[in-house]
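Coordinates as given in entry.pdb (PDB, C-alpha atoms):
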```pdb
ATOM      1  CA  MET A  14     -13.391   3.793  -5.680
ATOM      2  CA  ALA A  15     -16.378   2.856  -7.834
ATOM      3  CA  SER A  16     -17.373   0.079  -5.423
ATOM      4  CA  SER A  17     -17.527   2.622  -2.555
ATOM      5  CA  VAL A  18     -19.742   4.933  -4.579
ATOM      6  CA  PHE A  19     -22.437   2.264  -4.947
ATOM      7  CA  PRO A  20     -23.419   1.884  -1.240
ATOM      8  CA  LEU A  21     -22.941   5.642  -0.775
ATOM      9  CA  THR A  22     -25.369   6.335  -3.621
ATOM     10  CA  ILE A  23     -27.982   4.037  -2.087
ATOM     11  CA  GLY A  24     -27.543   5.710   1.284
ATOM     12  CA  LEU A  25     -27.874   9.224  -0.103
ATOM     13  CA  ARG A  26     -30.865   8.240  -2.228
ATOM     14  CA  HIS A  27     -32.735   6.936   0.832
ATOM     15  CA  TRP A  28     -31.319   9.500   3.277
ATOM     16  CA  LYS A  29     -34.712  10.740   4.493
ATOM     17  CA  THR A  30     -35.895   7.260   5.421
ATOM     18  CA  LEU A  31     -32.694   6.067   7.099
ATOM     19  CA  ASP A  32     -32.369   5.879  10.871
ATOM     20  CA  LYS A  33     -29.547   7.711  12.641
ATOM     21  CA  PRO A  34     -26.995   4.847  12.637
ATOM     22  CA  LEU A  35     -27.362   4.368   8.877
ATOM     23  CA  ARG A  36     -27.086   8.095   8.229
ATOM     24  CA  TYR A  37     -23.945   8.019  10.346
ATOM     25  CA  PHE A  38     -22.644   5.120   8.249
ATOM     26  CA  THR A  39     -23.502   6.980   5.028
ATOM     27  CA  LEU A  40     -21.348   9.913   6.166
ATOM     28  CA  PHE A  41     -18.524   7.467   6.849
ATOM     29  CA  LEU A  42     -18.839   6.116   3.291
ATOM     30  CA  LEU A  43     -18.700   9.673   1.963
ATOM     31  CA  LEU A  44     -15.438  10.264   3.832
ATOM     32  CA  THR A  45     -14.117   6.976   2.448
ATOM     33  CA  VAL A  46     -14.863   7.991  -1.143
ATOM     34  CA  LEU A  47     -13.206  11.386  -0.602
ATOM     35  CA  GLN A  48     -10.159   9.726   0.944
ATOM     36  CA  ILE A  49      -9.801   7.265  -1.946
ATOM     37  CA  GLY A  50     -10.158  10.089  -4.468
ATOM     38  CA  LEU A  51      -7.506  12.157  -2.723
ATOM     39  CA  GLU A  52      -5.152   9.182  -2.502
ATOM     40  CA  TYR A  53      -5.644   8.574  -6.221
ATOM     41  CA  TYR A  54      -4.780  12.213  -6.965
ATOM     42  CA  LEU A  55      -1.691  12.118  -4.737
ATOM     43  CA  GLY A  56      -0.592   8.918  -6.449
ATOM     44  CA  ARG A  57      -0.941  10.557  -9.864
ATOM     45  CA  ILE A  58       1.364  13.401  -8.846
ATOM     46  CA  LYS A  59       3.837  10.961  -7.230
ATOM     47  CA  ALA A  60       3.164  12.252  -3.700
ATOM     48  CA  SER A  61       3.169  10.028  -0.613
ATOM     49  CA  THR A  62      -0.206   8.870   0.681
ATOM     50  CA  HIS A  63       1.074   7.327   3.915
ATOM     51  CA  LEU A  64       0.178  10.248   6.178
ATOM     52  CA  LEU A  65      -3.298  10.559   4.670
ATOM     53  CA  SER A  66      -3.888   6.831   5.163
ATOM     54  CA  ASP A  67      -2.744   7.085   8.757
ATOM     55  CA  TYR A  68      -5.177   9.880   9.620
ATOM     56  CA  TYR A  69      -8.026   8.254   7.696
ATOM     57  CA  ARG A  70      -7.469   5.016   9.613
ATOM     58  CA  SER A  71      -8.058   6.880  12.882
ATOM     59  CA  ILE A  72     -11.304   8.274  11.484
ATOM     60  CA  GLU A  73     -12.311   4.809  10.279
ATOM     61  CA  VAL A  74     -11.734   3.216  13.681
ATOM     62  CA  THR A  75     -13.616   5.983  15.479
ATOM     63  CA  PHE A  76     -16.621   5.973  13.134
ATOM     64  CA  LEU A  77     -17.026   2.197  13.030
ATOM     65  CA  LEU A  78     -16.501   1.572  16.741
ATOM     66  CA  LEU A  79     -19.038   4.256  17.654
ATOM     67  CA  LEU A  80     -21.452   2.797  15.098
ATOM     68  CA  PHE A  81     -21.011  -0.718  16.487
ATOM     69  CA  ARG A  82     -21.492   0.600  20.029
ATOM     70  CA  GLN A  83     -25.178   1.182  19.303
ATOM     71  CA  PHE A  84     -25.725  -2.533  18.618
ATOM     72  CA  ILE A  85     -23.672  -4.158  21.371
ATOM     73  CA  LEU A  86     -25.393  -5.458  24.477
ATOM     74  CA  PRO A  87     -26.057  -2.474  26.813
ATOM     75  CA  GLN A  88     -24.199  -3.923  29.801
ATOM     76  CA  ILE A  89     -20.883  -4.128  27.941
ATOM     77  CA  LYS A  90     -21.009  -1.607  25.069
ATOM     78  CA  ASN A  91     -19.437   1.421  26.789
ATOM     79  CA  ARG A  92     -16.708  -0.579  28.483
ATOM     80  CA  ILE A  93     -15.680  -2.327  25.285
ATOM     81  CA  VAL A  94     -15.883   0.507  22.757
ATOM     82  CA  PHE A  95     -14.316   3.224  24.880
ATOM     83  CA  SER A  96     -11.564   0.852  26.025
ATOM     84  CA  PHE A  97     -10.808   0.025  22.382
ATOM     85  CA  LEU A  98     -10.736   3.717  21.429
ATOM     86  CA  ALA A  99      -8.543   4.671  24.387
ATOM     87  CA  PHE A 100      -6.100   1.857  23.597
ATOM     88  CA  TYR A 101      -5.952   2.757  19.905
ATOM     89  CA  PHE A 102      -5.275   6.469  20.387
ATOM     90  CA  CYS A 103      -2.774   5.970  23.208
ATOM     91  CA  LEU A 104      -0.853   3.565  20.983
ATOM     92  CA  TRP A 105      -1.211   5.943  18.032
ATOM     93  CA  LEU A 106       0.370   8.770  20.030
ATOM     94  CA  VAL A 107       3.292   6.568  21.114
ATOM     95  CA  VAL A 108       3.915   5.161  17.614
ATOM     96  CA  SER A 109       3.601   8.593  15.970
ATOM     97  CA  GLN A 110       6.041  10.121  18.435
ATOM     98  CA  TYR A 111       8.733   7.447  18.561
ATOM     99  CA  PHE A 112       8.375   4.900  15.740
ATOM    100  CA  TYR A 113       6.627   6.432  12.733
ATOM    101  CA  THR A 114       8.580   7.341   9.583
ATOM    102  CA  PRO A 115       6.767   9.235   6.783
ATOM    103  CA  ASP A 116       8.195   7.107   3.955
ATOM    104  CA  HIS A 117       6.825   3.858   5.420
ATOM    105  CA  LEU A 118       3.357   2.476   6.002
ATOM    106  CA  ASN A 119       2.306   2.753   9.640
ATOM    107  CA  ILE A 120       2.036  -1.002  10.003
ATOM    108  CA  PRO A 121       1.584  -1.177  13.810
ATOM    109  CA  MET A 122      -1.471   1.074  13.692
ATOM    110  CA  ALA A 123      -2.871  -0.570  10.555
ATOM    111  CA  VAL A 124      -2.684  -3.996  12.202
ATOM    112  CA  THR A 125      -4.084  -2.674  15.496
ATOM    113  CA  ALA A 126      -7.016  -1.054  13.692
ATOM    114  CA  ARG A 127      -7.856  -4.327  11.917
ATOM    115  CA  ILE A 128      -7.693  -6.339  15.142
ATOM    116  CA  LEU A 129      -9.940  -3.899  17.032
ATOM    117  CA  LEU A 130     -12.491  -3.682  14.218
ATOM    118  CA  VAL A 131     -12.628  -7.464  13.796
ATOM    119  CA  SER A 132     -13.034  -7.909  17.551
ATOM    120  CA  CYS A 133     -15.815  -5.347  17.749
ATOM    121  CA  ALA A 134     -17.607  -6.764  14.695
ATOM    122  CA  MET A 135     -17.542 -10.213  16.310
ATOM    123  CA  ILE A 136     -19.002  -8.751  19.508
ATOM    124  CA  VAL A 137     -21.762  -7.122  17.439
ATOM    125  CA  LEU A 138     -22.586 -10.478  15.833
ATOM    126  CA  TYR A 139     -22.669 -12.106  19.266
ATOM    127  CA  SER A 140     -25.004  -9.364  20.499
ATOM    128  CA  LEU A 141     -27.249  -9.808  17.462
ATOM    129  CA  VAL A 142     -27.504 -13.555  18.061
ATOM    130  CA  HIS A 143     -28.380 -12.887  21.707
ATOM    131  CA  LYS A 144     -31.038 -10.329  20.781
ATOM    132  CA  THR A 145     -32.395 -12.459  17.945
ATOM    133  CA  SER A 146     -32.970 -15.408  20.270
ATOM    134  CA  ALA A 147     -34.896 -13.094  22.580
ATOM    135  CA  PHE A 148     -36.992 -11.196  20.020
ATOM    136  CA  LEU A 149     -37.207 -13.745  17.153
ATOM    137  CA  ILE A 150     -35.922 -11.275  14.536
ATOM    138  CA  PRO A 151     -33.968 -13.060  11.765
ATOM    139  CA  ILE A 152     -30.375 -11.933  11.925
ATOM    140  CA  TYR A 153     -30.105 -11.539   8.152
ATOM    141  CA  LYS A 154     -32.922  -8.975   8.226
ATOM    142  CA  GLN A 155     -30.902  -6.603  10.410
ATOM    143  CA  TYR A 156     -28.725  -4.194   8.442
ATOM    144  CA  ILE A 157     -25.982  -4.031  11.070
ATOM    145  CA  PHE A 158     -25.366  -7.750  10.448
ATOM    146  CA  TRP A 159     -24.326  -7.001   6.858
ATOM    147  CA  ILE A 160     -22.195  -4.038   7.902
ATOM    148  CA  ALA A 161     -20.394  -6.235  10.440
ATOM    149  CA  ILE A 162     -19.889  -8.953   7.799
ATOM    150  CA  GLY A 163     -18.479  -6.329   5.425
ATOM    151  CA  VAL A 164     -16.032  -5.093   8.043
ATOM    152  CA  LEU A 165     -14.965  -8.658   8.866
ATOM    153  CA  THR A 166     -14.489  -9.465   5.180
ATOM    154  CA  TYR A 167     -12.270  -6.461   4.512
ATOM    155  CA  CYS A 168     -10.240  -6.533   7.726
ATOM    156  CA  THR A 169      -9.477 -10.258   7.713
ATOM    157  CA  GLY A 170      -8.962 -10.438   3.950
ATOM    158  CA  THR A 171      -6.444  -7.611   3.838
ATOM    159  CA  PHE A 172      -4.667  -8.359   7.109
ATOM    160  CA  MET A 173      -1.761 -10.352   5.691
ATOM    161  CA  VAL A 174      -0.926  -7.989   2.815
ATOM    162  CA  LEU A 175      -1.259  -4.960   5.067
ATOM    163  CA  SER A 176       0.931  -6.382   7.824
ATOM    164  CA  LEU A 177       3.684  -7.181   5.278
ATOM    165  CA  GLY A 178       3.309  -3.920   3.343
ATOM    166  CA  ASN A 179       6.719  -2.447   4.131
ATOM    167  CA  GLU A 180       8.456  -5.754   3.398
ATOM    168  CA  ILE A 181       6.681  -5.992   0.027
ATOM    169  CA  LEU A 182       7.708  -2.416  -0.807
ATOM    170  CA  LYS A 183      11.355  -3.449  -0.530
ATOM    171  CA  TYR A 184      10.900  -5.495  -3.716
ATOM    172  CA  GLY A 185       9.610  -2.465  -5.606
ATOM    173  CA  ALA A 186       6.377  -0.626  -6.311
ATOM    174  CA  ASP A 187       5.291  -3.125  -8.982
ATOM    175  CA  TYR A 188       5.227  -5.978  -6.470
ATOM    176  CA  PHE A 189       3.378  -3.816  -3.966
ATOM    177  CA  ILE A 190       0.721  -2.811  -6.513
ATOM    178  CA  ALA A 191       0.255  -6.431  -7.574
ATOM    179  CA  MET A 192      -0.260  -7.556  -3.988
ATOM    180  CA  TRP A 193      -2.508  -4.574  -3.281
ATOM    181  CA  HIS A 194      -4.998  -5.957  -5.804
ATOM    182  CA  ILE A 195      -5.828  -8.533  -3.124
ATOM    183  CA  ASN A 196      -6.882  -5.651  -0.888
ATOM    184  CA  TRP A 197      -9.088  -4.200  -3.607
ATOM    185  CA  THR A 198     -10.803  -7.564  -4.116
ATOM    186  CA  PHE A 199     -11.834  -7.711  -0.464
ATOM    187  CA  PHE A 200     -12.678  -4.004  -0.533
ATOM    188  CA  ILE A 201     -15.139  -4.637  -3.375
ATOM    189  CA  LEU A 202     -16.674  -7.591  -1.511
ATOM    190  CA  SER A 203     -17.110  -5.515   1.638
ATOM    191  CA  ASN A 204     -18.862  -2.776  -0.329
ATOM    192  CA  MET A 205     -21.242  -5.377  -1.726
ATOM    193  CA  PHE A 206     -22.197  -6.258   1.841
ATOM    194  CA  PHE A 207     -22.499  -2.566   2.745
ATOM    195  CA  SER A 208     -24.797  -2.037  -0.238
ATOM    196  CA  TRP A 209     -26.951  -4.946   0.839
ATOM    197  CA  SER A 210     -27.245  -3.461   4.337
ATOM    198  CA  PHE A 211     -29.001  -0.419   2.841
ATOM    199  CA  ILE A 212     -31.246  -2.630   0.719
ATOM    200  CA  VAL A 213     -32.248  -4.632   3.802
ATOM    201  CA  ALA A 214     -32.926  -1.441   5.756
ATOM    202  CA  THR A 215     -35.077   0.139   3.060
ATOM    203  CA  LYS A 216     -37.230  -2.881   2.173
TER     204      LYS A 216
END
```
Show this structure as structure tokens.
Amino acid sequence: MASSVFPLTIGLRHWKTLDKPLRYFTLFLLLTVLQIGLEYYLGRIKASTHLLSDYYRSIEVTFLLLLFRQFILPQIKNRIVFSFLAFYFCLWLVVSQYFYTPDHLNIPMAVTARILLVSCAMIVLYSLVHKTSAFLIPIYKQYIFWIAIGVLTYCTGTFMVLSLGNEILKYGADYFIAMWHINWTFFILSNMFFSWSFIVATK
């Protein structure tokens, strides 16, 4: 949770000077911190966090895809982002109705979210390279580059543990918690990149 607070603090501190996409991203970080805090509280009282994680994941996908949309090449951005969102929520409705069980992680949607976010982040990087070659703006001086790198770091780094979450749980909570530390490592790295995105934007 502490690693999420750092980029959020930078964003809030420079709120007045941020452009709309970064303000939008700051609000997303605020929701992330609140979600982590609530999950921590539910864990302390031995309550399930699976449903909360499932709903937060939908918010995460929506926020990040709409953020990325503003940096994708104009001729493809609407087709890609809205197709991704439509696919995600149609699948979410089907899985929630017929396959979801409250005492298990919603692995199909977790994996789908990671695949869509990685795909969209890669498209953003491609768009940045295309625009950089046209306008001679160094890619590392664009804050969305660091946000995309942060998303790629977290989604690819946690993919394996997340996809095997229910299988790991069968061996007991201690094994699951031990493996989940891998997720937190990549989560911290991604927040370092998110923090740097604000620093780049406010220089």
- Message: Can you translate the PyMOL selection byres ((chain A and resi 216) around 12) into the concrete residues it hits in this file, as a list of chain:residue names?
- Response: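 That selection, the PyMOL selection byres ((chain A and resi 216) around 12), comes back as A:His27, A:Thr30, A:Leu31, A:Lys154, A:Gln155, A:Tyr156, A:Trp209, A:Ser210, A:Phe211, A:Ile212, A:Val213, A:Ala214, A:Thr215.
Among the candidate residues A:Leu79, A:Ala15, A:Met173, A:Ala134, the one lying nearest to Val46 of chain A is A:Ala15, with distances computed using only C-alpha atoms.
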- Spatial sel., origin (-17.5, -9.5, 19.2), limit 12 Å, only C-alpha atoms, listed as a VMD selection string: chain A and resid 78 81 to 82 84 to 86 89 to 90 93 to 94 128 to 143 158 161 to 162 165
- Task: I would like the residues chosen by the PyMOL selection byres ((chain A and resi 75) around 10) on the shown file; could you give them as a PyMOL selection string?
- Result: chain A and resi 69-74+76-80+94-95+97-98+101-102+126+130
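A straight line drawn from atom CA of Thr45 of chain A to atom CA of Ser16 of chain A is 11.0 Å long.
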Go through the shown structure with the PyMOL selection byres ((chain A and resi 199) around 10) and write out the matching residues as a compact mmCIF listing (two decimals) with C-alpha atoms, in the coordinates of the input.
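The file below, selection.txt, is the result:
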```txt
# COMPACT_ATOMS: atom_id res chain seq x y z
CA GLY A 163 -18.48 -6.33 5.42
CA VAL A 164 -16.03 -5.09 8.04
CA LEU A 165 -14.96 -8.66 8.87
CA THR A 166 -14.49 -9.46 5.18
CA TYR A 167 -12.27 -6.46 4.51
CA CYS A 168 -10.24 -6.53 7.73
CA THR A 169 -9.48 -10.26 7.71
CA GLY A 170 -8.96 -10.44 3.95
CA THR A 171 -6.44 -7.61 3.84
CA HIS A 194 -5.00 -5.96 -5.80
CA ILE A 195 -5.83 -8.53 -3.12
CA ASN A 196 -6.88 -5.65 -0.89
CA TRP A 197 -9.09 -4.20 -3.61
CA THR A 198 -10.80 -7.56 -4.12
CA PHE A 200 -12.68 -4.00 -0.53
CA ILE A 201 -15.14 -4.64 -3.38
CA LEU A 202 -16.67 -7.59 -1.51
CA SER A 203 -17.11 -5.52 1.64
CA ASN A 204 -18.86 -2.78 -0.33
CA MET A 205 -21.24 -5.38 -1.73
```
- Within 12 Å of Trp28 of chain A using all atoms listed in the file, minus same-chain residues under 6 positions, as a PyMOL selection string: chain A and resi 20-22+34-40+211+214-215
- Provide the atom CA of Thr62 of chain A to atom CA of Asn119 of chain A distance in Å, to one decimal place.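 Calculated distance between atom CA of Thr62 of chain A and atom CA of Asn119 of chain A is 11.1 Å.
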- Between atom CA of Ala60 of chain A and atom CA of Tyr113 of chain A, what is the spacing in Å?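 Value for the atom CA of Tyr113 of chain A-atom CA of Ala60 of chain A distance: 17.8 Å.
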Produce the centre coordinates and the three edge lengths, each in Å to one decimal, of the box along x, y and z that contains all listed atoms of segment 71-85 of chain A with 3 Å added on each side, as JSON.
```
{"center_x": -16.9, "center_y": 2.1, "center_z": 15.8, "size_x": 23.7, "size_y": 18.4, "size_z": 17.1}
```
